[in-house]
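Trainee: Handing you this structure, nothing more for now.
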Amino acid sequence: MQLENITPLILTYNEAPNIDRTLACLTWASQIVVIDSFSTDDTLAIVQRYPQVQVYQRVFDSFAEQCNFGLTRITTPWTLSLDADYQVSSALVDEIRLLPENPLVDGFQVSLRYGIFGQPLRGSALPPRKVFYRTAKATYLNDGHAHQVRIEGKVGQLQGSILHDDRKPLSHWLWSQNRYMTLEVQKLTSTPNHELSLGDQLRKTKILAPFLIGIYCLIVKGGIFDGWRGLYYAWQRILAELLLAIRLIEQDWQGER
């Protein structure tokens, strides 16, 4: 596949600690679309170092709407959708280059690796994500605090990976998780149980999820062999689930008043 037929799409808001590493992995792209939510740090100054980047600013309402807006600015037949802290591996780029010009699928999933201060972990709780797809076949939908892309057609799997390595300070992570978990509570309490995944059903118990995620990260995914980085990641995930449990308890209490 000709790489000129692919446009990376990135959402940004105060991503100065991350965006340079992300863009440095995309020098092969002739065009990159960045949708910025009016960053107040050095994000735009860093982005402007890359001449192939086109920046559009839009007031943030949701991740899905930002992505859908971004898709309207892309003119190539294929889109590579990335978070501002994603680093595309050279193996993934080579794999995409070897694809036929008109593959039999309309999108591809890619495995995500999680990095702590630049060091990839052996495993994480991140599932594969649909990041590479035909532009005309994609629509984004909100999903709790996150968003997901709906692709009209078949989806394949690529073997290359993307490194998720967020270098923003812990204070920002805590702020984000507090905001995210408010949205997750809305999703969990408004969605019928039979429509929730097993993981989301466990989260609604308010008790099991924090303990199970710790076991999953440290034992199942081998984080215990990653030393302090593996422990750091496990504690992050446990804390996120504890925040969600507290929010769910608060929601229940308010409903009983």
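Every chain in the structure tokens has a letter given in the order shown (A, B, ...), and although residue numbers restart at 1 in each chain, ligands are simply numbered from 1 in the order shown.
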Quick one: residues within 9 Å of Thr43 (chain A), only C-alpha atoms, excluding same-chain residues fewer than 5 positions away - as a compact mmCIF listing (two decimals) with N, CA, C and O atoms, in the first residue's frame?

Mentor:
```txt
# COMPACT_ATOMS: atom_id res chain seq x y z
N THR A 12 -5.46 16.48 20.14
CA THR A 12 -4.54 17.03 21.14
C THR A 12 -5.24 18.01 22.06
O THR A 12 -6.14 18.74 21.66
N TYR A 13 -4.77 18.02 23.29
CA TYR A 13 -5.06 19.08 24.25
C TYR A 13 -3.96 19.03 25.31
O TYR A 13 -3.87 18.07 26.08
N ASN A 14 -3.09 20.01 25.29
CA ASN A 14 -1.97 20.09 26.24
C ASN A 14 -1.16 18.79 26.25
O ASN A 14 -0.99 18.15 27.29
N GLU A 15 -0.66 18.44 25.07
CA GLU A 15 0.11 17.20 24.91
C GLU A 15 1.60 17.47 24.69
O GLU A 15 2.30 16.65 24.08
N ALA A 16 2.10 18.57 25.20
CA ALA A 16 3.51 18.90 25.02
C ALA A 16 4.45 17.80 25.52
O ALA A 16 5.50 17.56 24.90
N PRO A 17 4.14 17.08 26.60
CA PRO A 17 5.05 16.02 27.04
C PRO A 17 5.09 14.82 26.09
O PRO A 17 5.97 13.96 26.23
N ASN A 18 4.14 14.71 25.15
CA ASN A 18 4.02 13.50 24.33
C ASN A 18 4.14 13.70 22.83
O ASN A 18 4.65 12.84 22.11
N ILE A 19 3.61 14.81 22.33
CA ILE A 19 3.32 14.90 20.90
C ILE A 19 4.57 14.84 20.02
O ILE A 19 4.51 14.32 18.89
N ASP A 20 5.71 15.30 20.50
CA ASP A 20 6.91 15.26 19.67
C ASP A 20 7.32 13.82 19.38
O ASP A 20 7.67 13.49 18.24
N ASP A 36 -6.99 20.05 17.51
CA ASP A 36 -6.56 20.56 18.81
C ASP A 36 -7.71 21.26 19.53
O ASP A 36 -8.44 22.05 18.93
N GLN A 48 4.09 22.60 15.04
CA GLN A 48 4.48 23.43 13.90
C GLN A 48 5.88 23.12 13.38
O GLN A 48 6.26 23.59 12.31
```

Trainee: Which of region 12-232 of chain A counts as alpha helix (DSSP H) under DSSP, as a PyMOL selection string please?

Mentor: chain A and resi 19-24+43-47+63-71+90-97+170-190+198-203+208-215+227-232

Trainee: Please, which residues of region 145-231 of chain A, numbered as in this document, come out strand (DSSP E) from DSSP, as a tab-separated table (two decimals) with C-alpha atoms, in the first residue's frame?

Mentor:
```
chain	number	residue	atom	x	y	z
A	146	ALA	CA	-13.74	6.79	25.77
A	147	HIS	CA	-14.81	6.43	22.15
A	148	GLN	CA	-14.92	3.67	19.61
A	149	VAL	CA	-14.94	3.57	15.85
A	150	ARG	CA	-17.66	1.74	13.95
A	151	ILE	CA	-16.37	0.39	10.65
A	155	VAL	CA	-11.93	-5.84	10.21
A	156	GLY	CA	-8.57	-7.63	10.11
A	157	GLN	CA	-5.64	-7.81	12.52
A	158	LEU	CA	-2.14	-6.45	11.98
A	159	GLN	CA	0.83	-7.98	13.76
A	160	GLY	CA	2.80	-4.76	14.36
A	161	SER	CA	2.18	-2.78	17.52
A	162	ILE	CA	1.77	0.74	18.88
A	163	LEU	CA	3.39	1.91	22.11
A	164	HIS	CA	1.14	3.86	24.48
```

Trainee: Counting only C-alpha atoms, which of A:Arg97, A:Arg122, A:Arg179, A:Lys187 gets nearest to Cys217 (chain A)?

Mentor: A:Arg122

Trainee: Report as CSV the residues of region 70-145 of chain A within 10 Å of region 222-236 of chain A, each with its shortest atom pair and distance in Å (one decimal), using only C-alpha atoms, ordered by chain and increasing residue number.

Mentor:
```
residue,atom,partner,partner_atom,distance
A:Tyr114,CA,A:Tyr233,CA,8.8
A:Gly115,CA,A:Arg229,CA,8.6
A:Ile116,CA,A:Arg229,CA,6.0
A:Phe117,CA,A:Arg229,CA,8.2
A:Gln119,CA,A:Arg229,CA,8.0
A:Pro120,CA,A:Asp226,CA,9.0
A:Leu121,CA,A:Asp226,CA,6.4
A:Arg122,CA,A:Gly222,CA,6.2
A:Gly123,CA,A:Gly222,CA,6.4
A:Ser124,CA,A:Gly223,CA,7.7
A:Ala125,CA,A:Ala234,CA,9.4
```

Trainee: Between CA of Ile249 (chain A) and CA of Gly214 (chain A), what is the distance, to one decimal in Å?

Mentor: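 Spanning CA of Ile249 (chain A) to CA of Gly214 (chain A) is a straight-line distance of 20.5 Å.
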